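Source file: target-v9.txt (compact mmCIF, C-alpha atoms)
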```txt
# COMPACT_ATOMS: atom_id res chain seq x y z
CA MET H 44 -18.89 19.92 26.62
CA LEU H 45 -17.27 16.81 25.23
CA LYS H 46 -18.48 14.59 22.41
CA TRP H 47 -17.26 11.59 20.48
CA SER H 48 -15.16 12.69 17.49
CA ASP H 49 -17.06 12.94 14.21
CA TYR H 50 -14.30 10.79 12.73
CA ASN H 51 -14.93 7.82 15.03
CA GLN H 52 -16.33 4.67 13.48
CA PHE H 53 -17.84 2.12 15.86
CA VAL H 54 -17.63 -1.52 14.76
CA SER H 55 -19.46 -4.15 16.78
CA VAL H 56 -17.26 -7.16 17.57
CA ARG H 57 -17.19 -10.15 19.92
CA GLU H 58 -17.62 -10.07 23.70
CA ASN H 59 -20.25 -7.31 23.57
CA LYS H 60 -17.62 -4.76 22.59
CA PHE H 61 -16.95 -2.06 20.01
CA ILE H 62 -13.75 -1.40 18.20
CA VAL H 63 -13.56 2.32 17.59
CA TYR H 64 -11.45 3.50 14.67
CA ASN H 65 -10.65 7.19 14.38
CA HIS H 66 -10.13 8.21 10.76
CA LEU H 67 -8.26 11.34 11.84
CA THR H 68 -5.69 9.94 14.26
CA LYS H 69 -5.71 6.39 12.76
CA ARG H 70 -5.98 4.87 16.24
CA MET H 71 -8.07 1.85 17.22
CA ILE H 72 -9.41 1.02 20.66
CA LYS H 73 -11.65 -1.74 21.98
CA ILE H 74 -14.30 -0.73 24.51
CA LYS H 75 -17.37 -2.23 26.15
CA LYS H 76 -20.56 -1.24 24.40
CA SER H 77 -21.79 0.31 27.63
CA SER H 78 -18.81 2.69 27.50
CA LYS H 79 -20.35 4.50 24.54
CA ASP H 80 -22.04 6.54 27.25
CA PHE H 81 -18.69 8.09 28.13
CA GLN H 82 -20.14 10.28 30.89
CA ARG H 83 -20.12 7.19 33.10
CA LEU H 84 -16.37 6.68 32.68
CA SER H 85 -13.73 7.73 35.18
CA LYS H 86 -12.10 11.13 34.87
CA LYS H 87 -8.77 9.44 34.14
CA MET H 88 -10.26 7.38 31.28
CA ILE H 89 -12.00 10.42 29.79
CA GLU H 90 -8.71 12.31 29.81
CA TYR H 91 -7.05 9.37 28.08
CA LEU H 92 -9.73 9.25 25.36
CA ILE H 93 -9.23 13.00 24.81
CA LYS H 94 -5.49 12.46 24.48
CA LEU H 95 -6.06 9.74 21.85
CA GLY H 96 -8.49 11.95 19.91
CA PHE H 97 -11.62 9.86 20.44
CA LEU H 98 -13.27 12.52 22.61
CA VAL H 99 -13.15 16.18 21.60
CA ASP H 100 -14.63 19.45 22.76
CA GLU H 101 -17.87 20.09 20.90
CA LYS H 102 -16.47 23.44 19.71
CA THR H 103 -13.50 21.76 18.02
CA ASP H 104 -13.42 22.40 14.28
CA GLU H 105 -12.54 18.86 13.24
CA LYS H 106 -12.98 19.60 9.54
CA ARG H 107 -10.11 22.07 9.67
CA MET H 108 -8.03 19.51 11.52
CA ALA H 109 -8.84 16.98 8.79
CA MET H 110 -7.71 19.47 6.13
CA LEU H 111 -4.44 19.91 8.01
CA TYR H 112 -3.90 16.13 8.12
CA TYR H 113 -4.57 15.95 4.39
CA TYR H 114 -2.18 18.74 3.42
CA ASP H 115 0.51 17.45 5.79
CA TYR H 116 0.22 14.14 3.94
CA ILE H 117 0.40 15.40 0.35
CA TYR H 118 3.12 17.96 1.11
CA ASP H 119 5.22 15.60 3.22
CA LYS H 120 8.88 16.59 2.87
CA SER H 121 10.02 13.02 2.25
CA LEU H 122 11.06 12.24 -1.32
CA ARG H 123 9.65 8.96 -2.64
CA LEU H 124 11.05 7.58 -5.89
CA VAL H 125 9.46 4.54 -7.49
CA ILE H 126 12.18 3.30 -9.83
CA LEU H 127 11.58 0.90 -12.72
CA PRO H 128 15.05 -0.49 -13.50
CA ASN H 129 13.43 -2.40 -16.35
CA GLU H 130 10.07 -2.86 -18.06
CA ASP H 131 10.59 -6.54 -18.73
CA CYS H 132 9.40 -9.60 -16.82
CA ASN H 133 10.00 -13.31 -16.51
CA PHE H 134 6.24 -13.82 -15.87
CA ARG H 135 3.20 -13.40 -18.12
CA CYS H 136 0.32 -13.08 -15.64
CA THR H 137 -3.12 -13.01 -17.23
CA PHE H 138 -4.24 -9.90 -15.31
CA CYS H 139 -1.08 -7.81 -15.82
CA TYR H 140 -1.55 -4.42 -17.51
CA GLU H 141 2.09 -3.94 -18.62
CA ASN H 142 3.13 -4.48 -22.24
CA PHE H 143 6.76 -5.49 -21.43
CA ASN H 144 8.58 -3.28 -23.92
CA GLY H 145 11.89 -4.89 -22.91
CA VAL H 146 13.52 -1.57 -21.97
CA TYR H 147 16.20 -1.69 -19.27
CA MET H 148 17.41 1.42 -17.48
CA ASP H 149 20.86 2.23 -18.85
CA GLN H 150 23.83 3.66 -16.97
CA LYS H 151 23.04 7.17 -18.18
CA ASN H 152 19.58 7.19 -16.59
CA LEU H 153 20.81 5.58 -13.37
CA ASP H 154 23.51 8.24 -13.12
CA SER H 155 20.93 10.97 -13.83
CA ILE H 156 18.93 9.97 -10.75
CA ILE H 157 22.08 10.05 -8.61
CA ILE H 158 23.01 13.48 -9.99
CA PHE H 159 19.50 14.73 -9.19
CA LEU H 160 19.84 13.44 -5.63
CA ARG H 161 23.29 14.95 -5.21
CA LYS H 162 21.91 18.36 -6.19
CA ASN H 163 18.61 18.19 -4.30
CA ILE H 164 18.72 15.69 -1.44
CA THR H 165 19.09 18.35 1.27
CA LYS H 166 15.64 19.73 0.35
CA TYR H 167 13.98 16.61 1.73
CA SER H 168 13.56 15.05 5.16
CA SER H 169 14.19 11.48 3.95
CA LEU H 170 14.54 9.36 0.82
CA ASP H 171 12.25 6.38 0.20
CA VAL H 172 13.00 4.22 -2.84
CA ASP H 173 10.52 1.64 -4.11
CA TRP H 174 11.85 -0.81 -6.72
CA PHE H 175 9.17 -1.74 -9.22
CA GLY H 176 8.99 -3.14 -12.72
CA GLY H 177 8.62 -5.18 -14.84
CA GLU H 178 10.46 -7.47 -12.53
CA PRO H 179 13.10 -5.43 -10.68
CA LEU H 180 15.21 -8.46 -9.70
CA LEU H 181 16.13 -8.88 -13.38
CA SER H 182 18.22 -5.74 -12.76
CA LEU H 183 19.85 -6.72 -9.50
CA ASN H 184 23.23 -5.16 -10.31
CA SER H 185 21.56 -1.82 -11.07
CA ILE H 186 19.79 -1.98 -7.68
CA TYR H 187 23.08 -2.69 -5.91
CA GLN H 188 24.95 0.06 -7.74
CA PHE H 189 22.28 2.72 -7.21
CA SER H 190 21.71 1.81 -3.57
CA ASP H 191 25.36 2.15 -2.60
CA LYS H 192 25.49 5.69 -4.01
CA ALA H 193 22.07 6.78 -2.69
CA LYS H 194 22.85 5.51 0.82
CA GLN H 195 26.09 7.46 0.84
CA LEU H 196 24.37 10.67 -0.28
CA CYS H 197 21.77 10.31 2.48
CA LYS H 198 24.49 9.66 5.04
CA ILE H 199 26.29 12.86 4.00
CA ALA H 200 23.00 14.80 4.15
CA SER H 201 22.12 13.20 7.53
CA ILE H 202 18.70 12.02 6.39
CA PRO H 203 17.17 8.52 6.56
CA TYR H 204 17.30 6.19 3.55
CA ARG H 205 14.63 3.49 3.26
CA ALA H 206 13.85 1.06 0.47
CA ALA H 207 11.18 -1.45 -0.54
CA ILE H 208 10.61 -3.74 -3.52
CA THR H 209 7.64 -5.24 -5.35
CA THR H 210 8.71 -8.53 -6.91
CA ASN H 211 7.08 -11.70 -8.16
CA GLY H 212 9.40 -13.56 -5.79
CA TYR H 213 10.72 -16.09 -8.29
CA LEU H 214 14.30 -14.78 -8.04
CA LEU H 215 14.13 -13.82 -4.36
CA ASP H 216 16.18 -16.58 -2.77
CA ALA H 217 18.03 -16.23 0.56
CA GLU H 218 21.26 -15.01 -1.07
CA THR H 219 19.41 -12.29 -2.99
CA LEU H 220 17.56 -11.23 0.17
CA LEU H 221 20.87 -10.83 2.01
CA GLY H 222 22.19 -8.63 -0.80
CA LEU H 223 19.05 -6.49 -0.78
CA LEU H 224 19.12 -6.09 2.98
CA ARG H 225 22.63 -4.67 2.62
CA CYS H 226 20.96 -2.11 0.33
CA LYS H 227 18.48 -1.31 3.15
CA VAL H 228 15.61 -2.93 1.26
CA THR H 229 13.54 -4.04 4.25
CA ILE H 230 9.98 -4.23 2.84
CA TYR H 231 9.08 -6.83 0.21
CA GLN H 232 5.76 -7.37 -1.55
CA ILE H 233 5.09 -10.67 -3.30
CA THR H 234 1.84 -11.86 -4.88
CA LEU H 235 0.26 -15.30 -4.77
CA CYS H 236 -2.95 -16.26 -6.57
CA GLY H 237 -4.63 -19.08 -4.69
CA ASN H 238 -3.25 -22.59 -4.27
CA GLU H 239 -0.64 -24.11 -6.57
CA GLU H 240 -3.07 -25.15 -9.30
CA GLN H 241 -4.93 -21.84 -9.29
CA HIS H 242 -1.77 -19.74 -9.09
CA ASP H 243 0.04 -21.53 -11.91
CA ALA H 244 -2.98 -21.18 -14.19
CA ILE H 245 -2.79 -17.36 -14.19
CA ARG H 246 0.65 -16.46 -12.80
CA TYR H 247 3.12 -18.37 -14.92
CA LEU H 248 6.56 -17.89 -16.46
CA LYS H 249 7.16 -16.60 -19.98
CA ASN H 250 7.66 -20.18 -21.11
CA GLY H 251 4.29 -21.20 -19.64
CA CYS H 252 5.69 -23.12 -16.67
CA GLY H 253 4.31 -22.66 -13.17
CA SER H 254 5.89 -20.43 -10.52
CA PHE H 255 4.11 -21.30 -7.26
CA GLN H 256 6.45 -23.94 -5.87
CA LYS H 257 9.59 -21.89 -6.55
CA ILE H 258 8.11 -18.84 -4.78
CA ILE H 259 7.02 -20.88 -1.75
CA ASN H 260 10.43 -22.58 -1.55
CA ASN H 261 12.12 -19.17 -1.62
CA LEU H 262 9.87 -17.89 1.17
CA LEU H 263 10.56 -20.95 3.32
CA GLU H 264 14.30 -20.58 2.74
CA ILE H 265 14.03 -16.93 3.81
CA LYS H 266 11.93 -17.82 6.85
CA ARG H 267 14.74 -20.02 8.14
CA LEU H 268 16.93 -16.88 8.42
CA ASP H 269 15.28 -16.13 11.75
CA TYR H 270 17.98 -13.69 12.85
CA LEU H 271 17.10 -11.19 10.11
CA THR H 272 14.66 -8.27 10.33
CA PHE H 273 12.43 -7.49 7.34
CA LYS H 274 8.77 -7.21 6.40
CA MET H 275 7.49 -9.73 3.83
CA VAL H 276 4.06 -8.65 2.63
CA ILE H 277 2.20 -11.45 0.82
CA ARG H 278 -0.66 -10.18 -1.30
CA ILE H 279 -3.18 -12.86 -2.25
CA ASN H 280 -5.06 -11.97 -5.44
CA VAL H 281 -8.49 -13.61 -5.44
CA THR H 282 -10.75 -14.61 -8.33
CA LYS H 283 -14.29 -15.95 -8.04
CA SER H 284 -13.28 -19.58 -8.54
CA MET H 285 -10.82 -19.34 -5.62
CA LEU H 286 -13.47 -18.51 -3.02
CA GLY H 287 -14.35 -22.12 -2.20
CA THR H 288 -10.74 -23.08 -1.43
CA LEU H 289 -9.59 -19.88 0.25
CA SER H 290 -9.99 -21.04 3.85
CA ASP H 291 -7.96 -24.18 3.07
CA LEU H 292 -5.21 -22.00 1.57
CA ILE H 293 -5.15 -19.81 4.70
CA ASP H 294 -4.86 -22.85 6.95
CA TRP H 295 -1.99 -24.18 4.81
CA LEU H 296 -0.17 -20.82 4.81
CA SER H 297 -0.72 -20.56 8.55
CA ASP H 298 1.05 -23.90 9.04
CA LEU H 299 4.02 -22.56 7.05
CA PHE H 300 4.26 -18.93 8.19
CA GLY H 301 1.94 -18.49 11.17
CA GLY H 302 3.70 -17.14 14.24
CA ASP H 303 6.45 -15.40 12.24
CA GLU H 304 5.59 -11.71 12.57
CA ARG H 305 7.82 -10.83 9.61
CA PHE H 306 5.31 -12.39 7.19
CA LEU H 307 2.13 -10.35 6.68
CA PHE H 308 -0.85 -11.22 4.50
CA TYR H 309 -3.70 -9.42 2.79
CA PHE H 310 -6.26 -10.31 0.15
CA ARG H 311 -7.49 -8.37 -2.87
CA PRO H 312 -10.02 -9.22 -5.61
CA VAL H 313 -8.49 -9.33 -9.10
CA GLY H 314 -9.78 -6.45 -11.21
CA ASP H 315 -9.39 -5.13 -14.72
CA TRP H 316 -6.25 -3.04 -14.27
CA GLY H 317 -5.72 -2.56 -18.01
CA GLY H 318 -4.26 -4.42 -20.96
CA ASN H 319 -5.83 -7.12 -23.11
CA ARG H 320 -4.73 -10.31 -21.36
CA VAL H 321 -7.20 -9.87 -18.49
CA GLN H 322 -10.14 -10.38 -20.87
CA SER H 323 -9.42 -14.11 -20.82
CA ILE H 324 -10.57 -14.24 -17.17
CA SER H 325 -13.23 -11.49 -17.31
CA ASP H 326 -15.84 -13.74 -15.65
CA GLU H 327 -13.53 -14.23 -12.65
CA LEU H 328 -13.05 -10.56 -11.74
CA TYR H 329 -14.33 -8.30 -8.98
CA VAL H 330 -15.07 -10.64 -6.10
CA ASN H 331 -17.49 -8.98 -3.71
CA HIS H 332 -15.74 -8.03 -0.46
CA ASP H 333 -18.54 -9.57 1.63
CA GLU H 334 -17.94 -12.94 -0.03
CA LEU H 335 -14.18 -12.61 0.32
CA PHE H 336 -14.20 -11.84 4.04
CA ARG H 337 -16.81 -14.53 4.70
CA GLU H 338 -14.23 -17.02 3.47
CA LEU H 339 -11.45 -15.43 5.51
CA PHE H 340 -13.51 -15.72 8.68
CA LYS H 341 -14.07 -19.43 7.99
CA ALA H 342 -10.39 -20.26 8.18
CA LYS H 343 -9.04 -21.83 11.35
CA GLY H 344 -5.44 -20.85 10.70
CA ASN H 345 -4.20 -17.52 12.02
CA LEU H 346 -2.08 -15.32 9.77
CA ASN H 347 -0.62 -11.91 10.56
CA TYR H 348 -3.04 -9.40 9.01
CA ASP H 349 -1.49 -6.25 10.51
CA ILE H 350 -0.64 -4.93 7.05
CA TYR H 351 -4.35 -4.07 6.74
CA TYR H 352 -3.81 -1.41 9.40
CA SER H 353 -1.10 0.22 7.26
CA LEU H 354 -3.42 0.10 4.24
CA LEU H 355 -6.18 1.75 6.27
CA SER H 356 -3.97 4.50 7.65
CA ASN H 357 -2.30 5.32 4.30
CA ASN H 358 -5.23 4.97 1.96
CA ILE H 359 -4.70 8.06 -0.16
CA CYS H 360 -2.69 7.01 -3.19
CA ALA H 361 0.95 8.08 -3.06
CA ALA H 362 0.48 9.52 -6.57
CA ALA H 363 -1.40 12.38 -4.90
CA LYS H 364 1.74 13.41 -2.99
CA ARG H 365 3.80 16.36 -4.21
CA ASN H 366 7.16 14.63 -3.79
CA ASN H 367 6.24 11.21 -5.19
CA TYR H 368 7.60 10.32 -8.63
CA VAL H 369 7.79 7.20 -10.76
CA ILE H 370 10.98 7.06 -12.84
CA ARG H 371 10.59 4.73 -15.78
CA ALA H 372 13.42 2.77 -17.40
CA ASN H 373 13.71 5.32 -20.25
CA GLY H 374 13.93 8.31 -17.88
CA ASP H 375 10.29 9.43 -18.21
CA ILE H 376 8.75 10.72 -14.98
CA ASN H 377 5.25 9.49 -14.13
CA LYS H 378 3.03 9.82 -11.09
CA CYS H 379 1.24 6.45 -11.21
CA THR H 380 2.60 2.91 -11.63
CA GLU H 381 -0.67 1.56 -13.03
CA SER H 382 -1.61 3.93 -15.88
CA LEU H 383 1.91 3.70 -17.29
CA TYR H 384 0.87 4.35 -20.87
CA SER H 385 -1.57 7.24 -20.34
CA GLU H 386 -0.37 10.57 -21.71
CA TYR H 387 -1.51 12.51 -18.64
CA ASN H 388 0.65 10.24 -16.46
CA LYS H 389 3.91 11.45 -17.98
CA VAL H 390 4.54 14.63 -15.99
CA GLY H 391 8.17 15.14 -17.02
CA ILE H 392 11.56 13.76 -17.96
CA LEU H 393 14.86 13.33 -16.17
CA THR H 394 17.74 14.99 -18.03
CA GLU H 395 21.35 13.79 -18.20
CA GLU H 396 22.25 16.77 -16.00
CA GLY H 397 20.04 15.40 -13.23
CA LYS H 398 17.22 17.88 -13.65
CA MET H 399 13.55 16.95 -13.39
CA GLU H 400 11.84 18.88 -16.17
CA ILE H 401 8.26 18.82 -14.87
CA ASN H 402 5.06 19.86 -16.64
CA LYS H 403 3.54 21.70 -13.69
CA GLU H 404 0.08 21.87 -15.24
CA LEU H 405 -0.04 18.07 -15.46
CA LEU H 406 1.50 17.70 -12.00
CA ALA H 407 -1.18 19.98 -10.52
CA LYS H 408 -3.90 17.74 -11.92
CA TRP H 409 -2.56 14.85 -9.85
CA LEU H 410 -2.58 16.94 -6.67
CA PHE H 411 -5.85 18.83 -6.99
CA THR H 412 -9.26 18.00 -8.36
CA TYR H 413 -12.17 20.24 -9.31
CA TYR H 414 -14.44 17.28 -9.88
CA LYS H 415 -17.14 17.30 -7.23
CA ASN H 416 -20.00 14.94 -6.54
CA GLU H 417 -22.75 14.90 -3.95
CA VAL H 418 -21.60 11.70 -2.27
CA CYS H 419 -18.16 13.17 -1.54
CA LEU H 420 -19.38 16.61 -0.54
CA ASN H 421 -21.82 15.10 1.96
CA CYS H 422 -19.24 12.72 3.45
CA VAL H 423 -17.83 13.57 6.88
CA LYS H 424 -14.42 12.30 5.69
CA TYR H 425 -14.25 14.45 2.55
CA GLU H 426 -11.64 16.85 3.95
CA LEU H 427 -9.42 13.87 4.74
CA CYS H 428 -9.20 12.67 1.15
CA ASN H 429 -10.70 15.28 -1.23
CA ASN H 430 -11.64 12.35 -3.49
CA ARG H 431 -7.90 11.69 -4.04
CA LYS H 432 -7.90 8.06 -2.94
CA CYS H 433 -7.13 7.42 -6.62
CA PRO H 434 -6.17 10.56 -8.60
CA ASP H 435 -6.00 8.44 -11.75
CA ASN H 436 -9.71 7.72 -11.34
CA CYS H 437 -10.41 11.47 -11.62
CA LEU H 438 -8.02 12.08 -14.49
CA LYS H 439 -9.62 9.38 -16.62
CA LYS H 440 -12.85 11.42 -16.59
CA SER H 441 -13.46 14.93 -17.89
CA THR H 442 -16.62 15.61 -15.88
CA ALA H 443 -17.78 15.02 -12.31
CA VAL H 444 -16.78 11.56 -11.19
CA GLU H 445 -18.28 9.07 -8.82
CA ALA H 446 -16.92 8.80 -5.32
CA TYR H 447 -13.95 6.46 -5.09
CA CYS H 448 -13.44 5.44 -1.48
CA GLY H 449 -10.79 2.78 -2.03
CA TYR H 450 -11.04 -0.88 -1.14
CA GLU H 451 -10.10 -0.47 2.53
CA ASP H 452 -12.84 2.07 3.28
CA VAL H 453 -15.49 -0.01 1.53
CA ALA H 454 -14.47 -3.12 3.49
CA LEU H 455 -13.53 -1.29 6.69
CA GLU H 456 -15.87 -3.14 9.07
CA GLU H 457 -14.73 -6.53 7.80
CA ILE H 458 -11.06 -5.49 8.01
CA ILE H 459 -11.45 -4.32 11.62
CA LYS H 460 -13.18 -7.57 12.57
CA LEU H 461 -10.35 -9.52 10.93
CA LEU H 462 -7.76 -7.48 12.86
CA ASP H 463 -9.68 -8.21 16.04
CA LEU H 464 -9.81 -11.97 15.36
CA SER H 465 -6.08 -12.05 14.64
CA LYS H 466 -5.32 -10.09 17.85
CA SER H 467 -3.69 -7.20 16.03
CA LYS H 468 -1.14 -5.20 17.96
CA TYR H 469 -2.79 -2.02 16.64
CA ILE H 470 -6.00 -2.54 18.66
CA GLN H 471 -5.73 -1.24 22.21
CA ASP H 472 -8.18 -2.94 24.58
CA ILE H 473 -8.82 -0.24 27.19
CA LEU H 474 -12.30 -0.85 28.62
```

With the file now loaded, output its structure as structure tokens.
Amino acid sequence: MLKWSDYNQFVSVRENKFIVYNHLTKRMIKIKKSSKDFQRLSKKMIEYLIKLGFLVDEKTDEKRMAMLYYYDYIYDKSLRLVILPNEDCNFRCTFCYENFNGVYMDQKNLDSIIIFLRKNITKYSSLDVDWFGGEPLLSLNSIYQFSDKAKQLCKIASIPYRAAITTNGYLLDAETLLGLLRCKVTIYQITLCGNEEQHDAIRYLKNGCGSFQKIINNLLEIKRLDYLTFKMVIRINVTKSMLGTLSDLIDWLSDLFGGDERFLFYFRPVGDWGGNRVQSISDELYVNHDELFRELFKAKGNLNYDIYYSLLSNNICAAAKRNNYVIRANGDINKCTESLYSEYNKVGILTEEGKMEINKELLAKWLFTYYKNEVCLNCVKYELCNNRKCPDNCLKKSTAVEAYCGYEDVALEEIIKLLDLSKSKYIQDIL
């Protein structure tokens, strides 16, 4: 006997249809509501739904399959290094948690990473480097130097090399982009905070001057390089006072970047991510996701929201992965980029000889939790995440913690409806 998978989520959308999202296979299909009675479907369609994982035999142990998906994820053989070439910044955003100690990664620490890779790269299936900061583009020469050597090591080992960068975008002009693309940096994340007036009030330079117009000019300059392939992810941080103007901002951005599939957009409420500066805007934090998406649905402009699919399908924090490490400018090894200054986050150091000296007891705490709660244990998706959407959330507490489902799961229905409205390539209309 067949049944719908326990991991299917049915979301009612336009045209009397459902979008069905399977949390196990991460696939999305659009079907007529009448098709929920799958017994009425053709044999060929039923076989196709079985192949996609939406229909399963009722004897299938899906919980065990979910556990397999989870362990495949956290024990993935790819090595991911988040490298902070500096802990300095040319911005002073009001919500930033970093204390900007001014440390820059010296030649010794850069060489230590290369030595580690030379000794160990063949143990891994690929190398993924994420440049973070501070502001990584303040260390452009270090990025170039490291990338040339890391690419060569991966070529010798016959494994893929991929790279991404999180930058405020102020220094990312067309010339810099071309240099980074030569380093195989193909994914870029840049943050905007509302329109020009709103953005410049909370995301300004060290000298107090605004940054919005420079970032937009850079993006437009990059957009004109229409022969290049890259992914430019624009994160829009949202405070309460921005809600009323959000649809106008979307329409404006759509006029500038709509139709260019290389530019992807998503929206996140500003939260208290640590530090003291954020207290100055404490009344503006934690926009309710219902209010946020209500404003997004109002907009007439059409942006590319496909990045939401990636966020849905990879919504366990990378810090929970065995082979994910953050290498700070001073050579310390962390697991998380947010709780930089927490003692439990420092799981080791990188020696001059290229050895990662890891505190395995601390590392194990990032991978496994013994903190249980009734909400998680009674959730059909528990085996898929083991309450590891944010390991840092567990480590901050010494007793049982509340369930932390992550922003995408909480707002899943709204996200799927947004993907439907924007005609996402990830939704397969089959019935």

- Expected answer as a list in words: all residues with atoms within 7 Å of (13.4, -2.1, -13.6), all atoms listed in the file: Ile126, Leu127, Pro128, Asn129, Glu130, Tyr147, Met148, Phe175, Gly176, Gly177, Glu178, Pro179, Ser182 and Ala372 of chain H

- Query: With distances taken over only C-alpha atoms, which of H:Asn152, H:Ser121, H:Thr68, H:Ser465 is nearest to H:Asp349?
  - Reply: H:Ser465

- H:Tyr114, H:Thr234, H:Lys283, H:Arg305 ranked by distance to H:Tyr270, top pick (using only C-alpha atoms):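 Closest to H:Tyr270, using only C-alpha atoms: H:Arg305.
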
- Provide the atom CA of H:Gln188 to atom CA of H:Thr272 distance in Å, to one decimal place.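 Atom-to-atom, atom CA of H:Gln188 and atom CA of H:Thr272 are spaced 22.4 Å apart.
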
Could you pull the residues within 8 Å of H:Lys389, counting only C-alpha atoms, minus those fewer than 4 positions along the same chain, as a PDB file with C-alpha atoms, keeping the file's coordinate frame?
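So selection-v6.pdb came out as:
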```
ATOM      1  CA  ASP H 375      10.290   9.430 -18.210  1.00  0.00           C
ATOM      2  CA  ILE H 376       8.750  10.720 -14.980  1.00  0.00           C
ATOM      3  CA  ASN H 377       5.250   9.490 -14.130  1.00  0.00           C
ATOM      4  CA  LYS H 378       3.030   9.820 -11.090  1.00  0.00           C
ATOM      5  CA  SER H 385      -1.570   7.240 -20.340  1.00  0.00           C
TER       6      SER H 385
END
```

- Task: Tell me which protein, DNA and RNA residues are within 10 Å of H:Gly222, counting all atoms listed in the file, leaving out same-chain ones fewer than 4 positions away, and put them as a VMD selection string.
- Result: chain H and resid 183 186 to 187 217 to 218 226 to 228

- Message: Could you check the closest approach to H:Ser325 for each of H:Phe340, H:Tyr387, H:Phe138, H:Phe143 and tell me which residue wins, using all atoms listed in the file?
- Response: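 Answer, going by the shortest atom-to-atom distance: H:Phe138.
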
- One residue among H:Cys136, H:Leu98, H:Val390, H:Val453 is nearest to H:Cys252 when using all atoms listed in the file, and that residue is H:Cys136

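Here the question is which of H:Gly391, H:Gly145, H:Gly287, H:Gly212 gets nearest to H:Tyr368 using only C-alpha atoms, and that residue is H:Gly391.
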
Hey, could you patch up stretch 337-348 of chain H with N, CA, C and O atoms and hand it over as an mmCIF file, in the frame of the given file?
```cif
data_model
loop_
_atom_site.group_PDB
_atom_site.id
_atom_site.type_symbol
_atom_site.label_atom_id
_atom_site.label_comp_id
_atom_site.auth_asym_id
_atom_site.auth_seq_id
_atom_site.Cartn_x
_atom_site.Cartn_y
_atom_site.Cartn_z
ATOM 1 N N ARG H 337 -16.092 -13.374 4.169
ATOM 2 C CA ARG H 337 -16.810 -14.530 4.700
ATOM 3 C C ARG H 337 -15.905 -15.764 4.673
ATOM 4 O O ARG H 337 -15.862 -16.552 5.616
ATOM 5 N N GLU H 338 -15.155 -15.894 3.579
ATOM 6 C CA GLU H 338 -14.230 -17.020 3.470
ATOM 7 C C GLU H 338 -13.047 -16.878 4.419
ATOM 8 O O GLU H 338 -12.570 -17.855 4.997
ATOM 9 N N LEU H 339 -12.568 -15.647 4.592
ATOM 10 C CA LEU H 339 -11.450 -15.430 5.510
ATOM 11 C C LEU H 339 -11.833 -15.778 6.943
ATOM 12 O O LEU H 339 -11.048 -16.360 7.698
ATOM 13 N N PHE H 340 -13.060 -15.432 7.324
ATOM 14 C CA PHE H 340 -13.510 -15.720 8.680
ATOM 15 C C PHE H 340 -13.718 -17.211 8.924
ATOM 16 O O PHE H 340 -13.704 -17.664 10.068
ATOM 17 N N LYS H 341 -13.886 -17.978 7.859
ATOM 18 C CA LYS H 341 -14.070 -19.430 7.990
ATOM 19 C C LYS H 341 -12.792 -20.141 8.384
ATOM 20 O O LYS H 341 -12.816 -21.205 9.000
ATOM 21 N N ALA H 342 -11.672 -19.579 7.993
ATOM 22 C CA ALA H 342 -10.390 -20.260 8.180
ATOM 23 C C ALA H 342 -10.063 -20.439 9.658
ATOM 24 O O ALA H 342 -10.355 -19.573 10.492
ATOM 25 N N LYS H 343 -9.454 -21.563 9.979
ATOM 26 C CA LYS H 343 -9.040 -21.830 11.350
ATOM 27 C C LYS H 343 -7.622 -21.333 11.611
ATOM 28 O O LYS H 343 -7.269 -20.980 12.729
ATOM 29 N N GLY H 344 -6.814 -21.315 10.555
ATOM 30 C CA GLY H 344 -5.440 -20.850 10.700
ATOM 31 C C GLY H 344 -5.380 -19.363 10.976
ATOM 32 O O GLY H 344 -6.279 -18.606 10.598
ATOM 33 N N ASN H 345 -4.324 -18.924 11.640
ATOM 34 C CA ASN H 345 -4.200 -17.520 12.020
ATOM 35 C C ASN H 345 -2.956 -16.913 11.384
ATOM 36 O O ASN H 345 -1.836 -17.262 11.741
ATOM 37 N N LEU H 346 -3.178 -16.032 10.416
ATOM 38 C CA LEU H 346 -2.080 -15.320 9.770
ATOM 39 C C LEU H 346 -1.956 -13.932 10.385
ATOM 40 O O LEU H 346 -2.857 -13.450 11.071
ATOM 41 N N ASN H 347 -0.837 -13.288 10.120
ATOM 42 C CA ASN H 347 -0.620 -11.910 10.560
ATOM 43 C C ASN H 347 -1.252 -10.979 9.523
ATOM 44 O O ASN H 347 -0.775 -10.867 8.398
ATOM 45 N N TYR H 348 -2.329 -10.305 9.918
ATOM 46 C CA TYR H 348 -3.040 -9.400 9.010
ATOM 47 C C TYR H 348 -2.767 -7.930 9.313
ATOM 48 O O TYR H 348 -3.493 -7.054 8.839
#
```
